[in-house]
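A.B. asks: Please find entry-v5.txt (compact mmCIF, C-alpha atoms (C1' of nucleotides)) on the next line:
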```
# COMPACT_ATOMS: atom_id res chain seq x y z
CA MET A 1 0.00 0.00 0.00
CA ASN A 2 2.93 2.34 0.51
CA ASP A 3 4.23 1.36 -2.90
CA GLU A 4 3.35 4.91 -3.85
CA PHE A 5 5.65 6.26 -1.15
CA ILE A 6 8.49 3.93 -2.19
CA HIS A 7 8.02 4.93 -5.81
CA LYS A 8 8.26 8.63 -5.02
CA TRP A 9 11.21 8.02 -2.75
CA LYS A 10 13.17 6.23 -5.46
CA SER A 11 12.50 9.15 -7.76
CA GLN A 12 13.86 11.54 -5.13
CA VAL A 13 16.96 9.43 -4.58
CA LYS A 14 17.66 9.80 -8.27
CA LYS A 15 17.95 13.55 -7.87
CA GLY A 16 21.64 14.12 -7.77
CA THR A 17 22.45 10.45 -8.11
CA LEU A 18 21.75 10.54 -11.84
CA ALA A 19 24.26 13.30 -12.53
CA PHE A 20 26.84 11.30 -10.58
CA ILE A 21 26.04 8.11 -12.49
CA ILE A 22 26.18 9.83 -15.89
CA LEU A 23 29.53 11.45 -15.15
CA ASN A 24 30.87 8.08 -14.03
CA VAL A 25 29.67 6.38 -17.21
CA LEU A 26 31.30 9.11 -19.31
CA LYS A 27 34.64 8.72 -17.56
CA ASP A 28 37.10 7.57 -20.23
CA ASN A 29 34.19 7.04 -22.65
CA LYS A 30 32.07 8.83 -25.20
CA PHE A 31 28.37 8.07 -25.43
CA TYR A 32 25.37 9.61 -27.14
CA GLY A 33 22.15 10.32 -25.27
CA TYR A 34 20.07 7.33 -26.18
CA GLU A 35 23.02 5.06 -25.59
CA LEU A 36 23.56 6.50 -22.11
CA ILE A 37 20.03 5.49 -21.14
CA GLU A 38 20.67 1.92 -22.33
CA GLU A 39 24.09 1.79 -20.69
CA VAL A 40 22.70 2.86 -17.32
CA ARG A 41 19.79 0.45 -17.60
CA LYS A 42 22.17 -2.43 -18.27
CA PHE A 43 24.57 -1.62 -15.45
CA THR A 44 22.19 -0.44 -12.77
CA SER A 45 18.65 -1.51 -13.65
CA ILE A 46 17.81 2.18 -13.26
CA GLU A 47 15.42 3.57 -15.86
CA ILE A 48 16.19 7.10 -16.99
CA ALA A 49 13.30 8.77 -18.83
CA GLU A 50 14.27 10.68 -21.96
CA GLY A 51 12.61 13.74 -20.50
CA THR A 52 15.07 13.39 -17.64
CA LEU A 53 18.24 12.76 -19.62
CA TYR A 54 18.21 15.54 -22.18
CA PRO A 55 17.58 18.38 -19.73
CA LEU A 56 20.22 16.80 -17.46
CA MET A 57 22.80 16.73 -20.25
CA ASN A 58 22.03 20.37 -21.07
CA ARG A 59 22.60 21.32 -17.43
CA LEU A 60 25.90 19.45 -17.38
CA LYS A 61 26.90 21.25 -20.59
CA LYS A 62 25.95 24.65 -19.20
CA GLU A 63 28.06 23.89 -16.13
CA GLU A 64 30.88 22.89 -18.49
CA LEU A 65 31.21 19.41 -17.02
CA VAL A 66 30.62 17.82 -20.43
CA VAL A 67 30.91 18.81 -24.07
CA SER A 68 28.98 17.41 -27.00
CA GLU A 69 29.62 16.95 -30.69
CA TRP A 70 27.25 15.92 -33.45
CA VAL A 71 28.37 12.86 -35.39
CA GLU A 72 26.72 12.12 -38.75
CA GLN A 73 25.81 8.51 -39.40
CA ASN A 74 25.97 6.58 -42.68
CA SER A 75 22.27 6.03 -42.18
CA GLY A 76 19.81 7.33 -39.66
CA ILE A 77 19.63 10.33 -37.38
CA PRO A 78 22.90 12.03 -36.39
CA ARG A 79 24.04 11.34 -32.83
CA LYS A 80 25.19 13.82 -30.23
CA TYR A 81 28.18 12.37 -28.40
CA TYR A 82 29.04 13.57 -24.91
CA SER A 83 32.40 13.49 -23.14
CA LEU A 84 33.84 14.84 -19.90
CA THR A 85 35.75 18.10 -19.69
CA THR A 86 38.61 18.66 -17.26
CA ILE A 87 36.16 20.43 -14.96
CA GLY A 88 33.89 17.41 -15.28
CA GLU A 89 36.68 15.07 -14.25
CA GLU A 90 37.61 17.23 -11.26
CA THR A 91 34.00 17.52 -10.20
CA LEU A 92 33.57 13.78 -10.47
CA ILE A 93 36.47 13.28 -8.07
CA GLU A 94 34.83 15.52 -5.48
CA MET A 95 31.49 13.82 -5.97
CA THR A 96 33.06 10.40 -5.57
CA SER A 97 34.60 11.50 -2.30
CA TYR A 98 31.24 12.74 -0.95
CA TRP A 99 29.45 9.62 -2.13
CA SER A 100 32.01 7.43 -0.42
CA GLU A 101 31.46 9.30 2.87
CA LEU A 102 27.71 8.98 2.50
CA GLU A 103 28.03 5.26 1.83
CA LYS A 104 30.12 4.76 4.94
CA ALA A 105 27.79 6.88 7.06
CA ILE A 106 24.69 4.95 6.03
CA ASN A 107 26.40 1.63 6.58
CA LYS A 108 27.36 2.79 10.05
CA ILE A 109 23.81 3.88 10.89
CA SER A 110 21.93 1.02 9.30
CA LYS A 111 23.61 -1.82 11.12
CA MET B 1 34.86 27.65 -9.03
CA ASN B 2 32.33 24.89 -9.42
CA ASP B 3 31.96 24.76 -5.64
CA GLU B 4 28.53 26.17 -6.33
CA PHE B 5 27.68 23.17 -8.49
CA ILE B 6 29.00 20.73 -5.91
CA HIS B 7 27.03 22.48 -3.18
CA LYS B 8 23.79 22.25 -5.12
CA TRP B 9 24.52 18.66 -6.03
CA LYS B 10 24.99 17.64 -2.41
CA SER B 11 21.66 19.26 -1.64
CA GLN B 12 20.03 17.21 -4.40
CA VAL B 13 21.61 13.99 -3.17
CA LYS B 14 19.97 14.64 0.17
CA LYS B 15 16.54 14.50 -1.44
CA GLY B 16 15.39 11.04 -0.56
CA THR B 17 18.60 10.17 1.24
CA LEU B 18 17.54 12.14 4.31
CA ALA B 19 14.29 10.21 4.77
CA PHE B 20 16.29 6.99 4.53
CA ILE B 21 18.84 8.21 7.07
CA ILE B 22 16.20 9.37 9.53
CA LEU B 23 14.29 6.09 9.36
CA ASN B 24 17.55 4.22 9.93
CA VAL B 25 18.39 6.33 12.96
CA LEU B 26 14.92 5.74 14.40
CA LYS B 27 15.22 1.97 14.02
CA ASP B 28 15.06 0.53 17.56
CA ASN B 29 15.35 4.06 18.97
CA LYS B 30 13.31 7.06 19.96
CA PHE B 31 14.61 10.53 19.29
CA TYR B 32 13.19 14.05 19.34
CA GLY B 33 13.65 16.42 16.43
CA TYR B 34 16.54 18.51 17.63
CA GLU B 35 18.32 15.39 18.81
CA LEU B 36 17.93 13.76 15.40
CA ILE B 37 19.81 16.63 13.80
CA GLU B 38 22.67 16.22 16.27
CA GLU B 39 22.68 12.45 15.93
CA VAL B 40 22.95 12.62 12.15
CA ARG B 41 25.65 15.28 12.33
CA LYS B 42 27.70 13.10 14.68
CA PHE B 43 27.37 9.90 12.68
CA THR B 44 27.51 11.25 9.14
CA SER B 45 28.87 14.79 9.16
CA ILE B 46 25.69 15.66 7.28
CA GLU B 47 24.01 18.89 8.33
CA ILE B 48 20.22 18.84 8.36
CA ALA B 49 18.64 22.28 8.54
CA GLU B 50 15.73 22.65 10.95
CA GLY B 51 13.64 23.89 8.07
CA THR B 52 14.35 20.55 6.43
CA LEU B 53 13.76 18.26 9.38
CA TYR B 54 10.39 19.39 10.70
CA PRO B 55 8.57 19.32 7.36
CA LEU B 56 10.24 15.94 6.70
CA MET B 57 9.01 14.51 10.00
CA ASN B 58 5.51 15.75 9.26
CA ARG B 59 5.58 14.03 5.89
CA LEU B 60 6.76 10.79 7.48
CA LYS B 61 3.96 11.09 10.03
CA LYS B 62 1.33 11.72 7.37
CA GLU B 63 2.59 8.63 5.53
CA GLU B 64 2.33 6.73 8.84
CA LEU B 65 5.97 5.68 8.82
CA VAL B 66 6.55 7.33 12.20
CA VAL B 67 4.48 8.38 15.19
CA SER B 68 5.25 11.13 17.68
CA GLU B 69 4.48 11.78 21.32
CA TRP B 70 5.04 14.89 23.39
CA VAL B 71 7.14 14.34 26.50
CA GLU B 72 7.13 17.02 29.21
CA GLN B 73 10.51 17.88 30.73
CA ASN B 74 11.34 18.77 34.35
CA SER B 75 12.62 22.01 32.94
CA GLY B 76 12.56 23.48 29.50
CA ILE B 77 10.48 23.01 26.40
CA PRO B 78 8.57 19.75 25.93
CA ARG B 79 10.08 17.38 23.39
CA LYS B 80 8.34 15.55 20.58
CA TYR B 81 9.71 12.01 20.38
CA TYR B 82 9.49 10.09 17.13
CA SER B 83 9.48 6.32 16.64
CA LEU B 84 8.92 3.93 13.75
CA THR B 85 5.59 2.29 13.04
CA THR B 86 5.30 -1.21 11.57
CA ILE B 87 4.76 0.40 8.17
CA GLY B 88 7.89 2.44 8.79
CA GLU B 89 9.90 -0.68 9.55
CA GLU B 90 8.61 -2.45 6.45
CA THR B 91 9.30 0.57 4.28
CA LEU B 92 12.81 0.81 5.67
CA ILE B 93 13.49 -2.77 4.62
CA GLU B 94 12.45 -2.00 1.04
CA MET B 95 14.49 1.18 1.02
CA THR B 96 17.55 -0.66 2.32
CA SER B 97 17.21 -3.17 -0.48
CA TYR B 98 17.06 -0.42 -3.13
CA TRP B 99 19.94 1.45 -1.57
CA SER B 100 22.05 -1.69 -1.56
CA GLU B 101 21.40 -2.18 -5.29
CA LEU B 102 22.27 1.44 -6.00
CA GLU B 103 25.49 1.13 -4.03
CA LYS B 104 26.52 -1.95 -5.98
CA ALA B 105 25.60 -0.36 -9.31
CA ILE B 106 27.64 2.76 -8.65
CA ASN B 107 30.61 0.75 -7.46
CA LYS B 108 30.42 -1.24 -10.66
CA ILE B 109 30.31 1.86 -12.84
CA SER B 110 32.86 3.98 -11.02
CA LYS B 111 35.74 1.56 -11.12
C1' DA C 1 2.31 -1.66 -48.85
C1' DC C 2 1.22 -0.35 -44.20
C1' DA C 3 1.49 -0.30 -39.34
C1' DT C 4 4.15 -0.76 -35.40
C1' DA C 5 8.20 -0.54 -32.87
C1' DA C 6 12.71 1.10 -32.11
C1' DT C 7 16.05 4.72 -32.51
C1' DA C 8 17.32 9.63 -31.49
C1' DC C 9 16.67 14.13 -30.41
C1' DA C 10 13.95 17.85 -27.59
C1' DT C 11 10.58 20.85 -24.55
C1' DA C 12 6.59 22.25 -21.29
C1' DG C 13 4.23 21.65 -17.16
C1' DT C 14 3.68 19.20 -12.71
C1' DT C 15 5.38 17.78 -8.36
C1' DA C 16 8.42 17.04 -4.49
C1' DT C 17 11.86 18.52 -1.28
C1' DG C 18 16.08 20.85 0.76
C1' DC C 19 17.11 25.25 2.69
C1' DA C 20 17.38 30.14 4.05
C1' DA C 21 14.82 33.24 6.58
C1' DT C 22 11.89 34.06 10.10
C1' DG C 23 9.21 33.36 14.32
C1' DT C 24 8.08 31.71 19.28
C1' DA C 25 9.68 30.25 23.79
C1' DT C 26 12.80 28.51 27.62
C1' DA C 27 17.38 27.67 29.80
C1' DT C 28 22.18 28.45 30.33
C1' DT C 29 26.38 30.89 29.95
C1' DT C 30 29.20 35.23 29.88
C1' DA D 1 21.57 42.13 30.69
C1' DA D 2 22.96 39.98 26.54
C1' DA D 3 24.21 36.25 23.96
C1' DT D 4 24.08 31.49 22.98
C1' DA D 5 21.93 26.99 22.94
C1' DT D 6 17.88 24.27 23.02
C1' DA D 7 13.36 23.05 20.80
C1' DC D 8 9.54 23.60 18.16
C1' DA D 9 7.43 25.43 13.59
C1' DT D 10 6.14 27.85 8.86
C1' DT D 11 6.76 30.47 4.35
C1' DG D 12 8.74 31.03 -0.04
C1' DC D 13 12.32 29.92 -3.39
C1' DA D 14 15.18 26.95 -6.28
C1' DT D 15 16.18 22.58 -8.24
C1' DA D 16 15.39 18.42 -10.74
C1' DA D 17 12.83 13.98 -12.06
C1' DC D 18 8.98 12.60 -14.65
C1' DT D 19 4.80 12.45 -17.70
C1' DA D 20 3.19 13.83 -21.86
C1' DT D 21 4.01 15.44 -26.15
C1' DG D 22 6.40 16.44 -30.42
C1' DT D 23 9.62 15.69 -34.64
C1' DA D 24 12.12 12.58 -37.65
C1' DT D 25 14.41 8.27 -39.40
C1' DT D 26 15.03 3.24 -39.82
C1' DA D 27 13.80 -1.62 -39.01
C1' DT D 28 10.46 -5.25 -38.35
C1' DG D 29 6.15 -7.72 -38.74
C1' DT D 30 1.90 -9.00 -41.23
```
Turn this file's structure into structure tokens for me.
C.D. replies:
Amino acid sequence: MNDEFIHKWKSQVKKGTLAFIILNVLKDNKFYGYELIEEVRKFTSIEIAEGTLYPLMNRLKKEELVVSEWVEQNSGIPRKYYSLTTIGEETLIEMTSYWSELEKAINKISK
Amino acid sequence: MNDEFIHKWKSQVKKGTLAFIILNVLKDNKFYGYELIEEVRKFTSIEIAEGTLYPLMNRLKKEELVVSEWVEQNSGIPRKYYSLTTIGEETLIEMTSYWSELEKAINKISK
DNA sequence: ACATAATACATAGTTATGCAATGTATATTT
DNA sequence: AAATATACATTGCATAACTATGTATTATGT
């Protein structure tokens, strides 16, 4: 009966987590938007809605954590590939450090 | 320079995480609001603003995950003690399971 | 041939929540 | 007497995920 609560909670947990996940996936890799959604689904069983991803990528671009480049395909729609900037890499390091603390803290509390 | 971004990001990560932390702290324990803030600060170095905690506790009460009772003090302001309900305990178990998955997924991605 | 699904991008509006600012009241410290 | 700490609470703002919707191309099924 509180499935509704759990559902909303998971959505809230994603706030912030998604940016962290995307930056991690882009570390040492280039991916285009649609591919990022699939990649995250495979690795984490987390579903990212398209209406979530594209605004997110635009925020990350505006903050200069990622850059994008259009790549024409032999057939089909051109793809916009994203990759980390230096700022993006530095930010990811700080985020990783915070996440690690959070992980430890929750493990300490929840046992 | 992107301290601003990091700051906002941490705030976003707290969305959802805080409810999970609070429910964990209340497992097998009773705490009053102000004490919860101190408890979390001690264990996690996470700062919860009062303007965050009290609305959060009211939401958790409305969702019937916690109950509260006023306890008069020999001196000073009466304290409102919170404790988990059965629904709260069940919900915490589901949350723990999701969190554990998320933790694994991020560890997989970030290495 | 035609419809459906999958790929690939994007935006507008809704909703939820952390936080700063502000307020009330009591107790303790300087 | 003033400042700080304790203890509750609310209002308004900013942020971000999600649903719904839209455009366009290619592949698959009947």
A.B. asks: Give the answer as one residue: which of B:Asn107, B:Asn58, B:Thr44, B:Ser83 has the shortest atom-to-atom distance to chain A, using only C-alpha atoms?
C.D. replies: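 Among B:Asn107, B:Asn58, B:Thr44, B:Ser83, it is B:Thr44 that comes nearest to chain A.
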A.B. asks: Taking all atoms listed in the file into account, find every residue of chain C that has an atom no more than 9 Å from chain A, and write it out as a list in words.
C.D. replies: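 So the residues of chain C near chain A are DT7, DA8, DC9, DA10, DT11, DA16 and DT17 of chain C.
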A.B. asks: Would you list which chain A residues are within 9 Å of chain B using only C-alpha atoms, as a PyMOL selection string?
C.D. replies: chain A and resi 2-3+5-6+8-17+19-21+24-25+27+40+43-46+63+87+91+94-96+98+101-106+108-111
A.B. asks: Which residue, C:DA1, C:DA27, C:DC19, C:DA6, has the smallest gap to B:Asn74 when you use only C-alpha atoms (C1' of nucleotides)?
C.D. replies: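 Nearest to B:Asn74: C:DA27.
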A.B. asks: Would you please work out which residue, of A:Val66, A:Thr52, A:Glu38, A:Ser97, is nearest to chain D when using only C-alpha atoms (C1' of nucleotides)?
C.D. replies: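 With only C-alpha atoms (C1' of nucleotides) as the atom set, the closest residue is A:Thr52.
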A.B. asks: Suppose you want the space between atom C1' of C:DT15 and atom CA of B:Lys61; what is it in Å?
C.D. replies: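 According to the coordinates, atom C1' of C:DT15 and atom CA of B:Lys61 are separated by 19.6 Å.
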A.B. asks: Can you tell me how far atom CA of B:Thr85 sits from atom CA of B:Lys62, in Å to one decimal?
C.D. replies: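 For atom CA of B:Thr85 relative to atom CA of B:Lys62, the distance reads 11.8 Å.
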A.B. asks: One decimal, in Å: what's the spacing between atom CA of B:Ile48 and atom CA of B:Glu4?
C.D. replies: 18.4 Å
A.B. asks: Just checking: using only C-alpha atoms (C1' of nucleotides), which residue out of B:Arg41, B:His7, B:Ile93, B:Asp28 ends up closest to chain D?
C.D. replies: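 Distance minimum relative to chain D lands on B:His7.
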A.B. asks: Once chain A has been least-squares superposed onto chain B, matching all their Cα atoms in order, can you return it as a PDB file with C-alpha atoms, keeping the file's coordinate frame?
C.D. replies:
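Saved as result_6.pdb:
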```pdb
ATOM      1  CA  MET A   1      34.894  27.611  -9.198  1.00  0.00           C
ATOM      2  CA  ASN A   2      32.330  24.851  -9.556  1.00  0.00           C
ATOM      3  CA  ASP A   3      31.988  24.763  -5.793  1.00  0.00           C
ATOM      4  CA  GLU A   4      28.535  26.154  -6.442  1.00  0.00           C
ATOM      5  CA  PHE A   5      27.670  23.152  -8.596  1.00  0.00           C
ATOM      6  CA  ILE A   6      29.030  20.705  -5.999  1.00  0.00           C
ATOM      7  CA  HIS A   7      27.088  22.476  -3.276  1.00  0.00           C
ATOM      8  CA  LYS A   8      23.817  22.223  -5.176  1.00  0.00           C
ATOM      9  CA  TRP A   9      24.542  18.632  -6.074  1.00  0.00           C
ATOM     10  CA  LYS A  10      25.051  17.628  -2.451  1.00  0.00           C
ATOM     11  CA  SER A  11      21.744  19.253  -1.621  1.00  0.00           C
ATOM     12  CA  GLN A  12      20.053  17.223  -4.359  1.00  0.00           C
ATOM     13  CA  VAL A  13      21.638  13.993  -3.169  1.00  0.00           C
ATOM     14  CA  LYS A  14      20.055  14.653   0.193  1.00  0.00           C
ATOM     15  CA  LYS A  15      16.611  14.493  -1.363  1.00  0.00           C
ATOM     16  CA  GLY A  16      15.445  11.047  -0.515  1.00  0.00           C
ATOM     17  CA  THR A  17      18.634  10.164   1.299  1.00  0.00           C
ATOM     18  CA  LEU A  18      17.553  12.128   4.362  1.00  0.00           C
ATOM     19  CA  ALA A  19      14.310  10.208   4.796  1.00  0.00           C
ATOM     20  CA  PHE A  20      16.306   6.981   4.546  1.00  0.00           C
ATOM     21  CA  ILE A  21      18.863   8.183   7.093  1.00  0.00           C
ATOM     22  CA  ILE A  22      16.203   9.356   9.561  1.00  0.00           C
ATOM     23  CA  LEU A  23      14.307   6.075   9.376  1.00  0.00           C
ATOM     24  CA  ASN A  24      17.560   4.205   9.953  1.00  0.00           C
ATOM     25  CA  VAL A  25      18.410   6.325  12.991  1.00  0.00           C
ATOM     26  CA  LEU A  26      14.929   5.718  14.416  1.00  0.00           C
ATOM     27  CA  LYS A  27      15.221   1.959  14.023  1.00  0.00           C
ATOM     28  CA  ASP A  28      15.053   0.516  17.544  1.00  0.00           C
ATOM     29  CA  ASN A  29      15.343   4.046  18.979  1.00  0.00           C
ATOM     30  CA  LYS A  30      13.280   7.038  19.975  1.00  0.00           C
ATOM     31  CA  PHE A  31      14.587  10.525  19.304  1.00  0.00           C
ATOM     32  CA  TYR A  32      13.168  14.030  19.369  1.00  0.00           C
ATOM     33  CA  GLY A  33      13.645  16.433  16.477  1.00  0.00           C
ATOM     34  CA  TYR A  34      16.545  18.495  17.674  1.00  0.00           C
ATOM     35  CA  GLU A  35      18.318  15.380  18.838  1.00  0.00           C
ATOM     36  CA  LEU A  36      17.920  13.755  15.421  1.00  0.00           C
ATOM     37  CA  ILE A  37      19.792  16.648  13.823  1.00  0.00           C
ATOM     38  CA  GLU A  38      22.662  16.227  16.304  1.00  0.00           C
ATOM     39  CA  GLU A  39      22.664  12.449  15.944  1.00  0.00           C
ATOM     40  CA  VAL A  40      22.926  12.642  12.159  1.00  0.00           C
ATOM     41  CA  ARG A  41      25.621  15.298  12.342  1.00  0.00           C
ATOM     42  CA  LYS A  42      27.689  13.115  14.659  1.00  0.00           C
ATOM     43  CA  PHE A  43      27.348   9.941  12.615  1.00  0.00           C
ATOM     44  CA  THR A  44      27.477  11.307   9.100  1.00  0.00           C
ATOM     45  CA  SER A  45      28.850  14.852   9.162  1.00  0.00           C
ATOM     46  CA  ILE A  46      25.663  15.747   7.288  1.00  0.00           C
ATOM     47  CA  GLU A  47      24.007  18.982   8.383  1.00  0.00           C
ATOM     48  CA  ILE A  48      20.223  18.894   8.407  1.00  0.00           C
ATOM     49  CA  ALA A  49      18.624  22.349   8.577  1.00  0.00           C
ATOM     50  CA  GLU A  50      15.719  22.664  10.995  1.00  0.00           C
ATOM     51  CA  GLY A  51      13.591  23.910   8.137  1.00  0.00           C
ATOM     52  CA  THR A  52      14.337  20.588   6.476  1.00  0.00           C
ATOM     53  CA  LEU A  53      13.762  18.275   9.423  1.00  0.00           C
ATOM     54  CA  TYR A  54      10.393  19.384  10.729  1.00  0.00           C
ATOM     55  CA  PRO A  55       8.584  19.306   7.384  1.00  0.00           C
ATOM     56  CA  LEU A  56      10.273  15.940   6.725  1.00  0.00           C
ATOM     57  CA  MET A  57       9.036  14.500  10.017  1.00  0.00           C
ATOM     58  CA  ASN A  58       5.518  15.749   9.255  1.00  0.00           C
ATOM     59  CA  ARG A  59       5.622  14.008   5.874  1.00  0.00           C
ATOM     60  CA  LEU A  60       6.795  10.781   7.487  1.00  0.00           C
ATOM     61  CA  LYS A  61       3.964  11.089  10.023  1.00  0.00           C
ATOM     62  CA  LYS A  62       1.368  11.718   7.328  1.00  0.00           C
ATOM     63  CA  GLU A  63       2.625   8.623   5.514  1.00  0.00           C
ATOM     64  CA  GLU A  64       2.345   6.745   8.818  1.00  0.00           C
ATOM     65  CA  LEU A  65       5.988   5.690   8.812  1.00  0.00           C
ATOM     66  CA  VAL A  66       6.556   7.327  12.204  1.00  0.00           C
ATOM     67  CA  VAL A  67       4.481   8.395  15.182  1.00  0.00           C
ATOM     68  CA  SER A  68       5.257  11.129  17.670  1.00  0.00           C
ATOM     69  CA  GLU A  69       4.462  11.789  21.299  1.00  0.00           C
ATOM     70  CA  TRP A  70       5.022  14.900  23.375  1.00  0.00           C
ATOM     71  CA  VAL A  71       7.103  14.327  26.493  1.00  0.00           C
ATOM     72  CA  GLU A  72       7.081  16.993  29.222  1.00  0.00           C
ATOM     73  CA  GLN A  73      10.429  17.830  30.761  1.00  0.00           C
ATOM     74  CA  ASN A  74      11.221  18.697  34.384  1.00  0.00           C
ATOM     75  CA  SER A  75      12.551  21.944  32.993  1.00  0.00           C
ATOM     76  CA  GLY A  76      12.534  23.449  29.555  1.00  0.00           C
ATOM     77  CA  ILE A  77      10.443  23.021  26.444  1.00  0.00           C
ATOM     78  CA  PRO A  78       8.561  19.733  25.985  1.00  0.00           C
ATOM     79  CA  ARG A  79      10.074  17.377  23.414  1.00  0.00           C
ATOM     80  CA  LYS A  80       8.328  15.559  20.607  1.00  0.00           C
ATOM     81  CA  TYR A  81       9.700  12.029  20.401  1.00  0.00           C
ATOM     82  CA  TYR A  82       9.472  10.085  17.156  1.00  0.00           C
ATOM     83  CA  SER A  83       9.476   6.321  16.645  1.00  0.00           C
ATOM     84  CA  LEU A  84       8.928   3.933  13.748  1.00  0.00           C
ATOM     85  CA  THR A  85       5.596   2.293  13.027  1.00  0.00           C
ATOM     86  CA  THR A  86       5.289  -1.192  11.557  1.00  0.00           C
ATOM     87  CA  ILE A  87       4.763   0.413   8.154  1.00  0.00           C
ATOM     88  CA  GLY A  88       7.903   2.444   8.780  1.00  0.00           C
ATOM     89  CA  GLU A  89       9.904  -0.680   9.528  1.00  0.00           C
ATOM     90  CA  GLU A  90       8.614  -2.450   6.418  1.00  0.00           C
ATOM     91  CA  THR A  91       9.310   0.573   4.269  1.00  0.00           C
ATOM     92  CA  LEU A  92      12.808   0.819   5.663  1.00  0.00           C
ATOM     93  CA  ILE A  93      13.478  -2.763   4.596  1.00  0.00           C
ATOM     94  CA  GLU A  94      12.454  -1.986   1.024  1.00  0.00           C
ATOM     95  CA  MET A  95      14.499   1.193   1.017  1.00  0.00           C
ATOM     96  CA  THR A  96      17.540  -0.643   2.322  1.00  0.00           C
ATOM     97  CA  SER A  97      17.218  -3.151  -0.485  1.00  0.00           C
ATOM     98  CA  TYR A  98      17.066  -0.400  -3.142  1.00  0.00           C
ATOM     99  CA  TRP A  99      19.955   1.477  -1.571  1.00  0.00           C
ATOM    100  CA  SER A 100      22.061  -1.660  -1.549  1.00  0.00           C
ATOM    101  CA  GLU A 101      21.398  -2.171  -5.280  1.00  0.00           C
ATOM    102  CA  LEU A 102      22.260   1.442  -5.994  1.00  0.00           C
ATOM    103  CA  GLU A 103      25.485   1.128  -4.021  1.00  0.00           C
ATOM    104  CA  LYS A 104      26.514  -1.946  -5.966  1.00  0.00           C
ATOM    105  CA  ALA A 105      25.585  -0.367  -9.292  1.00  0.00           C
ATOM    106  CA  ILE A 106      27.639   2.761  -8.667  1.00  0.00           C
ATOM    107  CA  ASN A 107      30.607   0.749  -7.487  1.00  0.00           C
ATOM    108  CA  LYS A 108      30.393  -1.284 -10.670  1.00  0.00           C
ATOM    109  CA  ILE A 109      30.262   1.813 -12.881  1.00  0.00           C
ATOM    110  CA  SER A 110      32.800   3.935 -11.064  1.00  0.00           C
ATOM    111  CA  LYS A 111      35.706   1.539 -11.185  1.00  0.00           C
TER     112      LYS A 111
END
```
A.B. asks: So that I can check the surroundings of D:DA3, please list as a list in words every protein, DNA and RNA residue that reaches within 12 Å of it, counting all atoms listed in the file and ignoring chain neighbours fewer than 5 positions away.
C.D. replies: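 The contact residues come out as DT28, DT29 and DT30 of chain C.
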A.B. asks: Please write the residues from the selection above to a file, keeping C-alpha atoms (C1' of nucleotides), as a PDB file, in the coordinates of the input.
C.D. replies:
```pdb
ATOM      1  C1'  DT C  28      22.180  28.450  30.330  1.00  0.00           C
ATOM      2  C1'  DT C  29      26.380  30.890  29.950  1.00  0.00           C
ATOM      3  C1'  DT C  30      29.200  35.230  29.880  1.00  0.00           C
TER       4       DT C  30
END
```
A.B. asks: Using all atoms listed in the file, I'd like every residue of chain D that has an atom within 10 Å of chain B; please write them out as a list in words.
C.D. replies: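 The complete set of qualifying residues is DT6, DA7, DC8, DA9, DT10, DA14, DT15 and DA16 of chain D.
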A.B. asks: Include C-alpha atoms (C1' of nucleotides) and write out the residues we just selected as a PDB file, in the coordinates of the input.
C.D. replies:
```pdb
ATOM      1  C1'  DT D   6      17.880  24.270  23.020  1.00  0.00           C
ATOM      2  C1'  DA D   7      13.360  23.050  20.800  1.00  0.00           C
ATOM      3  C1'  DC D   8       9.540  23.600  18.160  1.00  0.00           C
ATOM      4  C1'  DA D   9       7.430  25.430  13.590  1.00  0.00           C
ATOM      5  C1'  DT D  10       6.140  27.850   8.860  1.00  0.00           C
ATOM      6  C1'  DA D  14      15.180  26.950  -6.280  1.00  0.00           C
ATOM      7  C1'  DT D  15      16.180  22.580  -8.240  1.00  0.00           C
ATOM      8  C1'  DA D  16      15.390  18.420 -10.740  1.00  0.00           C
TER       9       DA D  16
END
```
A.B. asks: Would you list the contacts of C:DA12 as a list in words, taking every protein, DNA or RNA residue within 10 Å and counting all atoms listed in the file, but skipping same-chain residues closer than 2 positions in sequence?
C.D. replies: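 Here the answer would be DT14 of chain C; DA20 and DT21 of chain D.
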A.B. asks: Find the spatial neighbours of C:DA5, counting all atoms listed in the file, within a cut-off of 10 Å - ignore same-chain residues fewer than 5 positions away - and output them as a count of residues only.
C.D. replies: 3
A.B. asks: For stretch 94-100 of chain B, which lacks atoms in the input, supply N, CA and C atoms and format the output as a compact mmCIF listing (two decimals), in the coordinates of the input.
C.D. replies:
```txt
# COMPACT_ATOMS: atom_id res chain seq x y z
N GLU B 94 12.47 -2.17 2.50
CA GLU B 94 12.45 -2.00 1.04
C GLU B 94 13.46 -0.96 0.58
N MET B 95 13.54 0.12 1.36
CA MET B 95 14.49 1.18 1.02
C MET B 95 15.92 0.66 1.11
N THR B 96 16.20 -0.11 2.13
CA THR B 96 17.55 -0.66 2.32
C THR B 96 17.94 -1.53 1.13
N SER B 97 16.96 -2.30 0.66
CA SER B 97 17.21 -3.17 -0.48
C SER B 97 17.56 -2.35 -1.73
N TYR B 98 16.79 -1.28 -1.97
CA TYR B 98 17.06 -0.42 -3.13
C TYR B 98 18.41 0.27 -3.00
N TRP B 99 18.68 0.76 -1.81
CA TRP B 99 19.94 1.45 -1.57
C TRP B 99 21.14 0.53 -1.82
N SER B 100 20.99 -0.70 -1.39
CA SER B 100 22.05 -1.69 -1.56
C SER B 100 22.33 -1.93 -3.05
```
